[in-house]
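**Q** Provided herewith: model_18.txt, compact mmCIF, C-alpha atoms and all ligand atoms.
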# COMPACT_ATOMS: atom_id res chain seq x y z
CA MET A 1 -102.22 -131.79 38.57
CA GLU A 2 -100.91 -134.56 36.30
CA ASP A 3 -103.68 -137.15 36.55
CA ARG A 4 -106.69 -135.54 34.93
CA ASP A 5 -108.54 -135.36 31.65
CA GLY A 6 -107.87 -132.51 29.26
CA TRP A 7 -105.47 -131.23 26.63
CA ILE A 8 -102.13 -129.45 26.73
CA TRP A 9 -100.49 -127.72 23.78
CA MET A 10 -96.82 -128.82 23.52
CA ASP A 11 -94.64 -127.47 20.74
CA GLY A 12 -97.55 -127.03 18.37
CA GLN A 13 -99.44 -130.24 19.12
CA TRP A 14 -102.36 -130.99 21.41
CA LEU A 15 -101.47 -133.84 23.76
CA PRO A 16 -103.77 -135.60 26.23
CA TRP A 17 -103.14 -133.97 29.65
CA ARG A 18 -101.54 -137.12 31.13
CA ASP A 19 -99.06 -137.44 28.23
CA ALA A 20 -97.69 -133.88 28.34
CA LYS A 21 -94.38 -134.84 29.98
CA VAL A 22 -90.75 -133.68 29.88
CA HIS A 23 -87.48 -135.57 30.38
CA ALA A 24 -85.59 -135.57 33.73
CA MET A 25 -82.66 -133.81 32.03
CA THR A 26 -84.80 -130.82 31.01
CA HIS A 27 -82.42 -127.85 31.23
CA THR A 28 -84.92 -125.47 32.83
CA LEU A 29 -85.64 -128.02 35.55
CA HIS A 30 -81.95 -127.94 36.54
CA TYR A 31 -81.01 -124.27 36.08
CA GLY A 32 -84.27 -122.30 36.01
CA LEU A 33 -83.93 -120.38 32.74
CA GLY A 34 -87.42 -120.03 31.37
CA CYS A 35 -90.38 -117.68 31.35
CA PHE A 36 -94.12 -117.95 31.54
CA GLU A 37 -97.43 -116.13 31.67
CA GLY A 38 -100.53 -116.30 33.79
CA ILE A 39 -103.68 -115.31 31.90
CA ARG A 40 -107.34 -115.52 32.87
CA ALA A 41 -110.39 -116.18 30.77
CA TYR A 42 -113.74 -115.06 32.17
CA ALA A 43 -117.31 -116.10 31.48
CA THR A 44 -119.10 -113.32 29.60
CA ALA A 45 -122.58 -113.07 28.05
CA ASP A 46 -120.92 -114.01 24.72
CA GLY A 47 -119.11 -117.06 26.15
CA PRO A 48 -115.59 -117.35 27.58
CA ALA A 49 -113.24 -114.47 26.77
CA VAL A 50 -109.52 -114.14 27.46
CA PHE A 51 -108.59 -110.95 29.31
CA ARG A 52 -105.86 -108.80 27.72
CA LEU A 53 -104.51 -111.69 25.66
CA ASP A 54 -102.36 -109.53 23.38
CA ASP A 55 -100.68 -107.84 26.35
CA HIS A 56 -99.87 -111.18 27.96
CA VAL A 57 -98.50 -112.66 24.74
CA GLU A 58 -96.44 -109.52 24.21
CA ARG A 59 -95.00 -109.80 27.73
CA LEU A 60 -94.17 -113.47 27.12
CA PHE A 61 -92.21 -112.54 24.01
CA ASP A 62 -90.51 -109.69 25.90
CA SER A 63 -89.56 -112.09 28.71
CA ALA A 64 -88.08 -114.57 26.21
CA HIS A 65 -86.17 -111.76 24.49
CA ILE A 66 -84.73 -110.50 27.81
CA LEU A 67 -83.60 -114.03 28.71
CA GLY A 68 -82.15 -114.67 25.24
CA LEU A 69 -84.64 -117.42 24.38
CA GLU A 70 -85.58 -117.53 20.72
CA MET A 71 -89.30 -118.19 20.44
CA PRO A 72 -89.96 -121.05 18.00
CA PHE A 73 -93.57 -119.90 17.40
CA ASP A 74 -95.04 -116.55 16.47
CA ARG A 75 -97.45 -114.46 18.53
CA GLY A 76 -100.45 -115.61 16.50
CA ALA A 77 -99.73 -119.27 17.27
CA LEU A 78 -99.48 -118.49 20.99
CA ARG A 79 -102.71 -116.46 20.97
CA SER A 80 -104.55 -119.31 19.23
CA ALA A 81 -103.13 -121.91 21.62
CA CYS A 82 -104.27 -119.83 24.64
CA CYS A 83 -107.82 -119.53 23.29
CA GLU A 84 -108.00 -123.16 22.28
CA ALA A 85 -106.70 -124.25 25.71
CA ILE A 86 -109.96 -122.86 27.11
CA SER A 87 -112.33 -124.17 24.44
CA ARG A 88 -110.72 -127.60 23.97
CA ASN A 89 -110.77 -128.19 27.73
CA GLY A 90 -114.44 -127.15 27.89
CA LEU A 91 -113.81 -124.34 30.38
CA ALA A 92 -116.34 -121.55 30.93
CA SER A 93 -113.59 -119.56 32.64
CA GLY A 94 -110.08 -120.44 33.77
CA TYR A 95 -106.40 -119.76 34.13
CA ILE A 96 -104.08 -120.17 31.14
CA ARG A 97 -100.41 -120.99 31.61
CA PRO A 98 -97.99 -120.65 28.68
CA LEU A 99 -94.43 -121.71 29.60
CA VAL A 100 -91.23 -121.33 27.58
CA PHE A 101 -88.45 -123.68 28.65
CA LEU A 102 -85.21 -125.27 27.51
CA GLY A 103 -85.26 -128.98 26.78
CA ALA A 104 -83.12 -132.00 27.59
CA GLU A 105 -80.98 -131.78 24.45
CA LYS A 106 -77.99 -130.55 26.43
CA ALA A 107 -76.61 -130.56 30.00
CA GLY A 108 -74.50 -127.87 31.71
CA ILE A 109 -75.05 -124.21 32.56
CA ASP A 110 -74.47 -122.86 29.05
CA PRO A 111 -77.75 -123.57 27.28
CA ALA A 112 -76.28 -123.40 23.77
CA GLY A 113 -77.65 -126.46 21.98
CA ALA A 114 -80.76 -126.84 24.12
CA ALA A 115 -84.00 -126.36 22.18
CA VAL A 116 -86.64 -123.84 23.24
CA HIS A 117 -89.96 -125.55 23.96
CA VAL A 118 -93.36 -124.00 24.56
CA MET A 119 -96.41 -125.41 26.31
CA VAL A 120 -99.86 -124.02 27.12
CA ALA A 121 -102.24 -125.50 29.68
CA ALA A 122 -105.49 -124.19 31.19
CA TRP A 123 -107.52 -125.14 34.24
CA VAL A 124 -110.22 -123.83 36.55
CA MET A 125 -109.05 -121.21 39.05
CA ASN A 126 -111.18 -119.47 41.64
CA ALA A 127 -110.12 -116.51 43.80
CA TYR A 128 -106.36 -117.05 44.27
CA LEU A 129 -106.30 -115.75 47.84
CA GLY A 130 -109.71 -117.23 48.64
CA ASP A 131 -113.26 -115.88 48.45
CA LYS A 132 -112.95 -114.64 52.03
CA GLY A 133 -109.74 -112.78 51.13
CA MET A 134 -111.42 -111.19 48.12
CA GLU A 135 -114.38 -110.03 50.23
CA GLN A 136 -112.89 -109.25 53.61
CA GLY A 137 -109.24 -108.63 52.77
CA ILE A 138 -106.04 -110.48 53.62
CA ARG A 139 -103.31 -110.33 56.27
CA VAL A 140 -99.82 -109.73 54.92
CA LYS A 141 -96.31 -110.07 56.34
CA VAL A 142 -93.26 -108.19 55.09
CA ALA A 143 -90.82 -110.92 54.08
CA SER A 144 -87.35 -111.33 55.55
CA PHE A 145 -86.21 -111.99 51.95
CA ALA A 146 -85.62 -108.98 49.67
CA ARG A 147 -86.93 -108.84 46.10
CA HIS A 148 -84.28 -109.12 43.40
CA HIS A 149 -82.01 -106.19 42.73
CA VAL A 150 -82.48 -104.98 39.13
CA ASN A 151 -79.05 -106.31 38.25
CA VAL A 152 -79.57 -109.72 39.84
CA GLN A 153 -82.78 -110.86 38.22
CA MET A 154 -84.22 -108.67 35.52
CA CYS A 155 -87.74 -107.94 36.70
CA ARG A 156 -89.24 -106.94 33.32
CA ALA A 157 -89.09 -110.65 32.51
CA LYS A 158 -91.58 -113.02 34.10
CA SER A 159 -88.84 -115.57 34.68
CA VAL A 160 -89.30 -119.00 36.17
CA SER A 161 -86.38 -118.44 38.57
CA THR A 162 -87.87 -115.24 40.07
CA TYR A 163 -90.35 -117.48 41.82
CA THR A 164 -87.79 -119.16 44.09
CA ASN A 165 -87.69 -115.81 45.87
CA SER A 166 -91.52 -115.62 45.77
CA ILE A 167 -91.88 -119.12 47.22
CA LEU A 168 -89.45 -118.42 50.08
CA ALA A 169 -91.40 -115.29 51.02
CA CYS A 170 -94.83 -116.89 50.61
CA ARG A 171 -93.92 -119.98 52.63
CA GLU A 172 -92.46 -117.86 55.42
CA ALA A 173 -95.63 -115.73 55.62
CA ARG A 174 -97.98 -118.72 55.57
CA ALA A 175 -95.94 -120.61 58.19
CA GLU A 176 -96.52 -117.64 60.48
CA GLY A 177 -100.25 -117.64 59.84
CA TYR A 178 -100.46 -114.81 57.30
CA ASP A 179 -102.29 -115.04 53.99
CA GLU A 180 -99.52 -113.60 51.84
CA ALA A 181 -96.05 -111.99 51.86
CA LEU A 182 -94.88 -108.60 50.70
CA LEU A 183 -91.31 -108.12 49.50
CA LEU A 184 -89.13 -105.05 49.88
CA ASP A 185 -86.41 -104.24 47.37
CA THR A 186 -82.71 -104.37 48.30
CA ASP A 187 -82.88 -100.70 49.41
CA GLY A 188 -85.71 -101.54 51.80
CA PHE A 189 -88.55 -99.97 49.81
CA VAL A 190 -91.82 -101.70 49.00
CA ALA A 191 -91.54 -103.80 45.81
CA GLU A 192 -94.43 -106.27 45.34
CA GLY A 193 -96.09 -109.46 46.54
CA PRO A 194 -94.83 -112.93 45.54
CA GLY A 195 -97.27 -112.87 42.61
CA GLU A 196 -98.93 -109.46 42.92
CA ASN A 197 -98.30 -105.75 42.48
CA VAL A 198 -99.21 -103.54 45.41
CA PHE A 199 -101.05 -100.21 45.67
CA VAL A 200 -101.42 -97.87 48.64
CA VAL A 201 -104.18 -95.28 49.14
CA LYS A 202 -103.44 -92.24 51.29
CA ARG A 203 -105.64 -89.13 51.55
CA GLY A 204 -107.50 -89.97 48.36
CA VAL A 205 -104.41 -90.57 46.19
CA ILE A 206 -103.39 -94.02 44.92
CA TRP A 207 -99.67 -94.66 45.13
CA GLU A 208 -97.66 -97.53 43.70
CA PRO A 209 -93.97 -98.38 43.90
CA GLU A 210 -91.82 -97.66 40.88
CA ILE A 211 -91.55 -101.02 39.14
CA THR A 212 -87.75 -101.32 39.27
CA SER A 213 -87.87 -104.51 41.36
CA ALA A 214 -91.40 -105.55 40.44
CA LEU A 215 -93.12 -107.06 37.45
CA ASP A 216 -94.91 -104.68 35.08
CA GLY A 217 -98.27 -106.23 35.92
CA ILE A 218 -101.04 -106.19 33.38
CA THR A 219 -103.70 -105.96 36.11
CA ARG A 220 -101.69 -102.99 37.37
CA ARG A 221 -102.04 -101.35 33.95
CA THR A 222 -105.76 -102.15 34.07
CA ILE A 223 -105.96 -100.35 37.41
CA HIS A 224 -104.36 -97.28 35.84
CA ALA A 225 -107.17 -97.10 33.29
CA LEU A 226 -109.95 -97.85 35.75
CA ALA A 227 -108.65 -95.39 38.37
CA GLN A 228 -108.54 -92.67 35.76
CA GLU A 229 -112.14 -93.39 34.76
CA ALA A 230 -113.16 -93.29 38.42
CA GLY A 231 -111.51 -89.86 38.72
CA TYR A 232 -108.79 -91.09 41.08
CA GLU A 233 -105.28 -89.70 41.04
CA ILE A 234 -102.66 -92.43 40.68
CA ARG A 235 -98.90 -91.92 41.02
CA ALA A 236 -95.67 -93.89 41.41
CA ARG A 237 -92.85 -93.27 43.90
CA ARG A 238 -90.72 -95.09 46.44
CA ILE A 239 -92.87 -96.34 49.30
CA THR A 240 -91.59 -97.31 52.74
CA ARG A 241 -92.78 -100.23 54.81
CA ASP A 242 -94.29 -98.02 57.52
CA GLU A 243 -96.32 -96.14 54.92
CA LEU A 244 -98.24 -99.39 54.50
CA TYR A 245 -99.00 -99.42 58.24
CA VAL A 246 -100.50 -95.91 58.16
CA ALA A 247 -102.16 -96.18 54.74
CA ASP A 248 -105.91 -95.65 54.40
CA GLU A 249 -106.13 -98.63 52.04
CA VAL A 250 -103.76 -101.21 50.56
CA PHE A 251 -104.56 -103.68 47.81
CA PHE A 252 -102.81 -106.30 45.71
CA THR A 253 -103.35 -106.77 41.97
CA GLY A 254 -102.55 -109.71 39.71
CA THR A 255 -104.06 -112.01 37.14
CA ALA A 256 -104.51 -114.70 39.78
CA ALA A 257 -105.10 -112.34 42.76
CA GLU A 258 -107.32 -109.95 40.71
CA ILE A 259 -107.96 -107.04 43.14
CA THR A 260 -107.44 -108.33 46.67
CA PRO A 261 -107.78 -105.91 49.61
CA VAL A 262 -105.02 -105.99 52.25
CA VAL A 263 -106.42 -105.19 55.70
CA GLU A 264 -103.42 -105.98 57.91
CA VAL A 265 -99.64 -105.67 57.50
CA ASP A 266 -97.24 -107.05 60.14
CA ARG A 267 -100.04 -107.22 62.73
CA ARG A 268 -100.95 -103.57 62.19
CA ARG A 269 -104.49 -102.85 61.00
CA VAL A 270 -104.59 -100.95 57.71
CA GLY A 271 -107.12 -98.09 57.74
CA SER A 272 -110.38 -99.27 59.24
CA GLY A 273 -109.35 -102.93 59.03
CA GLN A 274 -111.96 -103.42 56.27
CA PRO A 275 -111.52 -103.22 52.49
CA GLY A 276 -111.50 -99.51 51.64
CA VAL A 277 -114.01 -97.57 49.57
CA MET A 278 -111.62 -96.96 46.67
CA THR A 279 -110.49 -100.59 46.66
CA ARG A 280 -114.13 -101.68 46.48
CA GLU A 281 -114.87 -99.26 43.67
CA LEU A 282 -111.89 -100.54 41.65
CA GLN A 283 -112.85 -104.16 42.33
CA GLN A 284 -116.34 -103.50 40.95
CA ARG A 285 -115.03 -101.75 37.87
CA PHE A 286 -112.48 -104.54 37.33
CA PHE A 287 -115.04 -107.35 37.49
CA ALA A 288 -117.41 -105.43 35.21
CA ALA A 289 -114.60 -105.07 32.66
CA VAL A 290 -113.41 -108.70 32.76
CA ARG A 291 -116.97 -110.04 32.50
CA GLY A 292 -117.68 -107.87 29.48
CA GLU A 293 -120.28 -105.76 31.32
CA ASP A 294 -118.37 -102.52 30.67
CA ARG A 295 -118.48 -102.03 26.91
CA ARG A 296 -115.77 -99.33 27.11
CA HIS A 297 -113.25 -102.11 27.57
CA ALA A 298 -114.45 -104.60 25.00
CA GLU A 299 -110.98 -104.40 23.38
CA TRP A 300 -109.50 -106.13 26.43
CA LEU A 301 -111.52 -109.27 25.74
CA THR A 302 -110.78 -111.94 23.13
CA ARG A 303 -113.64 -114.34 22.59
CA VAL A 304 -112.71 -118.00 22.62
CA GLY A 305 -113.73 -120.19 19.71
N1 LIG B 401 -95.69 -109.45 40.30
C1 LIG B 401 -95.40 -110.76 40.22
C2 LIG B 401 -94.12 -111.24 40.80
C3 LIG B 401 -96.29 -111.65 39.60
O1 LIG B 401 -96.01 -112.95 39.53
C4 LIG B 401 -97.50 -111.16 39.08
C5 LIG B 401 -98.45 -112.11 38.42
N2 LIG B 401 -98.14 -112.30 37.06
C6 LIG B 401 -97.76 -109.78 39.18
C7 LIG B 401 -96.83 -108.96 39.80
C8 LIG B 401 -99.00 -109.19 38.59
O2 LIG B 401 -98.93 -109.24 37.19
P1 LIG B 401 -100.23 -109.41 36.30
O3 LIG B 401 -101.19 -108.38 36.77
O4 LIG B 401 -99.75 -109.18 34.92
O5 LIG B 401 -100.73 -110.79 36.51
Show me this structure written as structure tokens.
Ligand code: PMP
**A**
Amino acid sequence: MEDRDGWIWMDGQWLPWRDAKVHAMTHTLHYGLGCFEGIRAYATADGPAVFRLDDHVERLFDSAHILGLEMPFDRGALRSACCEAISRNGLASGYIRPLVFLGAEKAGIDPAGAAVHVMVAAWVMNAYLGDKGMEQGIRVKVASFARHHVNVQMCRAKSVSTYTNSILACREARAEGYDEALLLDTDGFVAEGPGENVFVVKRGVIWEPEITSALDGITRRTIHALAQEAGYEIRARRITRDELYVADEVFFTGTAAEITPVVEVDRRRVGSGQPGVMTRELQQRFFAAVRGEDRRHAEWLTRVG
């Protein structure tokens, strides 16, 4: 990723992609205190537009607040940097990555004295779990690692360090030939994917886990709105692992994963073994909204440039 043309916003300045470097003593590199966002911009008839930019910037500021990181820029500066990361890099669509991290001003666990730095990069991203996964669904394995307890890693924050747990689960699943992992919480109930929220359809009702040990996903909130418009009932409760096995449909949601059908869990076929009807319907509504084809959701789109 480091040797390419392009621009990265670092602490208020646009640097050539290859020059956007940090020092080896960067605090976040050693101890993992930091937070970030994953945002997508989509090609629309009016040019590239960032999807739910305000919500993502708000969550970034919430994450920083939870972690006790004082943001050195305001929301407006972050919103502009995200939009310009798309236009300046000449992207028709893409993935935007703002990251808040502590610098190399200070060593040791206590970060007092380390400065808060912010960067924003953007690059092309296709279907995160592959085009085949998006169309035909993915195979998922319940991870041997539990998702963080609410009092271990605060899950309202999109923290850098949460992703150690995600990586362990994801690597385990892929080593065993699955497409993706699914994590249970420390009580053994369904939490989320390594980078996705999860939904379960049973007898026409869409269920999701309470988000105690999961991120409050923005795609998840989008699904709430779209499901309501489609006339689907959507509710939250604790969900057990075996409920996934006997579900009619299961799907993942996320900025990167978008709406990805899950057709197998732990070698058990889910429903018919094909993406379900409700999953398909929500996928269609989602892509219409992000591409600006559904005017009801024009407020979710911020035009770039
Ligand atoms: N959970 C985790 C752990 C994630 O990393 C993500 C991706 N940001 C999600 C859920 C989905 O969140 P969103 O829809 O806001 O991308």
**Q** Can you work out the spacing between atom CA of Arg139 of chain A and atom CA of Ala181 of chain A in Å, to one decimal?
**A**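 It comes out at 8.7 Å.
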**Q** Determine the nearest neighbour of Glu249 of chain A from the options A:Ala81, A:Val200, A:Val265, A:Leu67, counting all atoms listed in the file.
**A**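 Going through A:Ala81, A:Val200, A:Val265, A:Leu67 one by one, the smallest distance to Glu249 of chain A is for A:Val200.
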**Q** Quick check, in Å to one decimal: how far apart do atom CA of Thr260 of chain A and atom CA of Met134 of chain A lie?
**A**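 Straight-line distance from atom CA of Thr260 of chain A to atom CA of Met134 of chain A works out to 5.1 Å.
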**Q** Kindly assemble as JSON lines a list of the chain A residues that lie within 10 Å of ligand LIG 401 (chain B), each paired with its nearest atom pair and their distance in Å to one decimal, using only C-alpha atoms and all ligand atoms, sorted first by chain and then by ascending residue number.
**A**
{"residue": "A:Phe36", "atom": "CA", "partner": "B:LIG401", "partner_atom": "N2", "distance": 8.9}
{"residue": "A:Glu37", "atom": "CA", "partner": "B:LIG401", "partner_atom": "N2", "distance": 6.7}
{"residue": "A:Gly38", "atom": "CA", "partner": "B:LIG401", "partner_atom": "N2", "distance": 5.7}
{"residue": "A:Ile39", "atom": "CA", "partner": "B:LIG401", "partner_atom": "O5", "distance": 7.1}
{"residue": "A:Arg40", "atom": "CA", "partner": "B:LIG401", "partner_atom": "O5", "distance": 8.9}
{"residue": "A:Arg52", "atom": "CA", "partner": "B:LIG401", "partner_atom": "O4", "distance": 9.5}
{"residue": "A:Asp55", "atom": "CA", "partner": "B:LIG401", "partner_atom": "O4", "distance": 8.7}
{"residue": "A:His56", "atom": "CA", "partner": "B:LIG401", "partner_atom": "O4", "distance": 7.2}
{"residue": "A:Arg59", "atom": "CA", "partner": "B:LIG401", "partner_atom": "O4", "distance": 8.6}
{"residue": "A:Arg147", "atom": "CA", "partner": "B:LIG401", "partner_atom": "C2", "distance": 9.2}
{"residue": "A:Cys155", "atom": "CA", "partner": "B:LIG401", "partner_atom": "C2", "distance": 8.3}
{"residue": "A:Arg156", "atom": "CA", "partner": "B:LIG401", "partner_atom": "N1", "distance": 9.8}
{"residue": "A:Ala157", "atom": "CA", "partner": "B:LIG401", "partner_atom": "C2", "distance": 9.7}
{"residue": "A:Lys158", "atom": "CA", "partner": "B:LIG401", "partner_atom": "O1", "distance": 7.0}
{"residue": "A:Ser159", "atom": "CA", "partner": "B:LIG401", "partner_atom": "O1", "distance": 9.0}
{"residue": "A:Val160", "atom": "CA", "partner": "B:LIG401", "partner_atom": "O1", "distance": 9.6}
{"residue": "A:Thr162", "atom": "CA", "partner": "B:LIG401", "partner_atom": "C2", "distance": 7.5}
{"residue": "A:Tyr163", "atom": "CA", "partner": "B:LIG401", "partner_atom": "C2", "distance": 7.4}
{"residue": "A:Asn165", "atom": "CA", "partner": "B:LIG401", "partner_atom": "C2", "distance": 9.4}
{"residue": "A:Ser166", "atom": "CA", "partner": "B:LIG401", "partner_atom": "C2", "distance": 7.1}
{"residue": "A:Leu183", "atom": "CA", "partner": "B:LIG401", "partner_atom": "C2", "distance": 9.7}
{"residue": "A:Ala191", "atom": "CA", "partner": "B:LIG401", "partner_atom": "N1", "distance": 8.9}
{"residue": "A:Glu192", "atom": "CA", "partner": "B:LIG401", "partner_atom": "N1", "distance": 6.1}
{"residue": "A:Gly193", "atom": "CA", "partner": "B:LIG401", "partner_atom": "N1", "distance": 6.3}
{"residue": "A:Pro194", "atom": "CA", "partner": "B:LIG401", "partner_atom": "C2", "distance": 5.1}
{"residue": "A:Gly195", "atom": "CA", "partner": "B:LIG401", "partner_atom": "O1", "distance": 3.3}
{"residue": "A:Glu196", "atom": "CA", "partner": "B:LIG401", "partner_atom": "C7", "distance": 3.8}
{"residue": "A:Asn197", "atom": "CA", "partner": "B:LIG401", "partner_atom": "C7", "distance": 4.4}
{"residue": "A:Val198", "atom": "CA", "partner": "B:LIG401", "partner_atom": "C7", "distance": 8.2}
{"residue": "A:Ile211", "atom": "CA", "partner": "B:LIG401", "partner_atom": "N1", "distance": 9.5}
{"residue": "A:Ser213", "atom": "CA", "partner": "B:LIG401", "partner_atom": "C2", "distance": 9.2}
{"residue": "A:Ala214", "atom": "CA", "partner": "B:LIG401", "partner_atom": "N1", "distance": 5.8}
{"residue": "A:Leu215", "atom": "CA", "partner": "B:LIG401", "partner_atom": "N1", "distance": 4.5}
{"residue": "A:Asp216", "atom": "CA", "partner": "B:LIG401", "partner_atom": "O2", "distance": 6.4}
{"residue": "A:Gly217", "atom": "CA", "partner": "B:LIG401", "partner_atom": "O2", "distance": 3.3}
{"residue": "A:Ile218", "atom": "CA", "partner": "B:LIG401", "partner_atom": "O4", "distance": 3.6}
{"residue": "A:Thr219", "atom": "CA", "partner": "B:LIG401", "partner_atom": "O3", "distance": 3.5}
{"residue": "A:Arg220", "atom": "CA", "partner": "B:LIG401", "partner_atom": "O3", "distance": 5.4}
{"residue": "A:Arg221", "atom": "CA", "partner": "B:LIG401", "partner_atom": "O3", "distance": 7.6}
{"residue": "A:Thr222", "atom": "CA", "partner": "B:LIG401", "partner_atom": "O3", "distance": 8.2}
{"residue": "A:Ile223", "atom": "CA", "partner": "B:LIG401", "partner_atom": "O3", "distance": 9.4}
{"residue": "A:Phe252", "atom": "CA", "partner": "B:LIG401", "partner_atom": "C8", "distance": 8.6}
{"residue": "A:Thr253", "atom": "CA", "partner": "B:LIG401", "partner_atom": "O3", "distance": 5.9}
{"residue": "A:Gly254", "atom": "CA", "partner": "B:LIG401", "partner_atom": "O3", "distance": 3.5}
{"residue": "A:Thr255", "atom": "CA", "partner": "B:LIG401", "partner_atom": "O5", "distance": 3.6}
{"residue": "A:Ala256", "atom": "CA", "partner": "B:LIG401", "partner_atom": "O5", "distance": 6.3}
{"residue": "A:Ala257", "atom": "CA", "partner": "B:LIG401", "partner_atom": "O5", "distance": 7.8}
{"residue": "A:Glu258", "atom": "CA", "partner": "B:LIG401", "partner_atom": "O3", "distance": 7.5}
{"residue": "A:Ile259", "atom": "CA", "partner": "B:LIG401", "partner_atom": "O3", "distance": 9.4}
**Q** Using only C-alpha atoms, can you tell me which of A:Phe101, A:Trp300, A:Phe251, A:Phe286 comes closest to Ile138 of chain A?
**A** A:Phe251
**Q** Kindly indicate which residue among A:Asp3, A:Asp11, A:Asp54, A:Glu176 lies nearest to Glu299 of chain A, using all atoms listed in the file for the distances.
**A** A:Asp54
**Q** Can you measure atom CA of Phe145 of chain A to atom CA of Val205 of chain A for me? One decimal in Å is fine.
**A**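 Between these atoms lies a distance of 28.7 Å.
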**Q** What are the centre and edge lengths in Å, to one decimal, of the axis-aligned box around all listed atoms of segment 5-21 of chain A with 4 Å added on each side, as lines of an AutoDock Vina configuration file?
**A**
center_x = -101.5
center_y = -132.2
center_z = 25.0
size_x = 22.2
size_y = 18.4
size_z = 21.3
**Q** Counting only C-alpha atoms, figure out which residue out of A:Val201, A:Val120, A:Ile96, A:Ala77 gets nearest to Leu244 of chain A.
**A**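 Among the listed residues, the smallest separation from Leu244 of chain A belongs to A:Val201.
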**Q** Smallest atom-to-atom distance to Gly271 of chain A: which of A:Gly12, A:Val250, A:Phe189, A:Asp62, using only C-alpha atoms?
**A**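 Result for the nearest residue to Gly271 of chain A: A:Val250.
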**Q** Taking (-82.0, -130.4, 35.5) in the file's coordinates, which residues come within 10 Å, counting only C-alpha atoms, written as JSON, numbers by chain?
**A** {"A": [23, 24, 25, 26, 27, 28, 29, 30, 31, 32, 103, 104, 106, 107, 108, 109]}
**Q** Which is closest to Val152 of chain A among A:Glu229, A:Glu281, A:Asp185, A:Asp46, if we use only C-alpha atoms?
**A**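 Nearest candidate to Val152 of chain A out of A:Glu229, A:Glu281, A:Asp185, A:Asp46: A:Asp185.
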**Q** Output as a compact mmCIF listing (two decimals), in the coordinates of the input: segment 267-278 of chain A, completed with N, CA and C atoms.
**A**
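Full text of out_31.txt as output:
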# COMPACT_ATOMS: atom_id res chain seq x y z
N ARG A 267 -99.18 -107.33 61.54
CA ARG A 267 -100.04 -107.22 62.73
C ARG A 267 -100.52 -105.80 63.02
N ARG A 268 -100.37 -104.91 62.04
CA ARG A 268 -100.95 -103.57 62.19
C ARG A 268 -102.16 -103.49 61.26
N ARG A 269 -103.28 -103.02 61.80
CA ARG A 269 -104.49 -102.85 61.00
C ARG A 269 -104.23 -101.76 59.96
N VAL A 270 -104.70 -101.98 58.75
CA VAL A 270 -104.59 -100.95 57.71
C VAL A 270 -105.92 -100.21 57.64
N GLY A 271 -105.89 -98.90 57.79
CA GLY A 271 -107.12 -98.09 57.74
C GLY A 271 -108.10 -98.57 58.78
N SER A 272 -109.32 -98.85 58.32
CA SER A 272 -110.38 -99.27 59.24
C SER A 272 -110.31 -100.77 59.55
N GLY A 273 -109.40 -101.47 58.86
CA GLY A 273 -109.35 -102.93 59.03
C GLY A 273 -110.33 -103.64 58.11
N GLN A 274 -111.02 -102.87 57.27
CA GLN A 274 -111.96 -103.42 56.27
C GLN A 274 -111.47 -102.98 54.89
N PRO A 275 -111.86 -103.70 53.84
CA PRO A 275 -111.52 -103.22 52.49
C PRO A 275 -112.02 -101.79 52.31
N GLY A 276 -111.16 -100.93 51.75
CA GLY A 276 -111.50 -99.51 51.64
C GLY A 276 -112.47 -99.22 50.50
N VAL A 277 -113.01 -98.00 50.55
CA VAL A 277 -114.01 -97.57 49.57
C VAL A 277 -113.43 -97.55 48.15
N MET A 278 -112.21 -97.04 48.01
CA MET A 278 -111.62 -96.96 46.67
C MET A 278 -111.25 -98.36 46.15
